[in-house]
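Reading through the structure tokens given below for one structure.
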Amino acid sequence: MNEIYKIYKILYKNYGPQGWWPILGYGYHKQDYNFPRNHDEIFEVCLGSILTQNTTFVSVIKSLENLQAKNALNVYTIEKMEINEFKEAIKPSGYYNQKARYILEFIAFYKNLYGATPTREELLNVIGIGEETADSILLYGYNQPELKVDAYTKRILVHLGFVNDKAKYTEIKFLIQNSLGASIKDKKKLLIAYQEFHALIVEHGKKHYSKKPYGSGCFLNPHVK
DNA sequence: AGCCAGGCTACCG
DNA sequence: CGGTAGCATGGC
């Protein structure tokens, strides 16, 4: 059993299934992996993925609820909406001028998909979608095996000595994907492991890696290396 | 009061 | 290329 997989098992045992990505009205659907269940929910995950950039998800939920209250969690209403009204709705998530543009850029792209699953490369060509947001959309919106790496992931792996602080996004992503893939052969289970791994990292990161010194109280150290 | 949050782009050397 | 300022609200 490799070390990264061991970390996954320890985190899962401690925190349990996380049920990402939360959907309005259902929240964290723990141990139910049949989400998103329709195009509206996929679209909601995409918007949430953009809105959550460098922001807490609590703020994202407020923004999404503001839109939902206007029946605007869909392409056509957002496009017709006055831009300042849209910005006001997403204000709680911060960077609302940037994010309003990013979302409109994404919608132009999304419409052209006609329900198809986008490729990672296509997503990366959309202004406002970087590697993490692309993987977030693919992993949680489209159930594609693309692990999402965030600041906590890197911070934790650096602290535990798996990578150095200059490690790039894809290096970390493939290290984790290859490690989990070596231990989990079933495709469906591997996808769920990707989804849960990132969610568990965030949960653990919020508890032990948000304040300096990073890693204080982290219980992973004695179990690995 | 200051730091951090489930990042990305633009621009610099 | 790698490094960094700017973006902005909300919670602790």
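Identifiers in this document derive from the order of the structure tokens: chains are assigned A, B, ..., residues are numbered from 1 separately in each chain, and ligands are numbered from 1 in order of occurrence.
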
Those in region 19-217 of chain A with helix (DSSP H, G or I) from DSSP, as a count of residues only: 123

Test item: chain A residues at most 8 Å from chain C, counting only C-alpha atoms (C1' of nucleotides), as an NGL selection string: :A and (59 or 91-96 or 98)

Residues of chain A within 10 Å of chain B, counting only C-alpha atoms (C1' of nucleotides), as an MDAnalysis selection string: chainID A and resid 49:57 59 98:99 102 127:133 136 148:152 198:199 201:203 206 210:211

Shell around region 35-41 of chain A at 8 Å using only C-alpha atoms (C1' of nucleotides), local window under 3 positions removed, as a list of chain:residue names: A:Trp21, A:Ile23, A:Asp32, A:Glu44, A:Val45, A:Leu73, A:Asn74, A:Gly115, A:Tyr140, A:Gly141, A:Tyr142

Nearby residues (only C-alpha atoms (C1' of nucleotides)) at most 12 Å from region 182-184 of chain A, same-chain spacing under 3 positions excluded, as number ranges by chain: A: 1-6, 8-9, 174-179, 187-194

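Across the structure, CA of Cys218 (chain A) and CA of Ile172 (chain A) are spaced 19.9 Å apart.
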
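Interatomic distance, CA of Lys13 (chain A) to CA of Ser216 (chain A): 19.6 Å.
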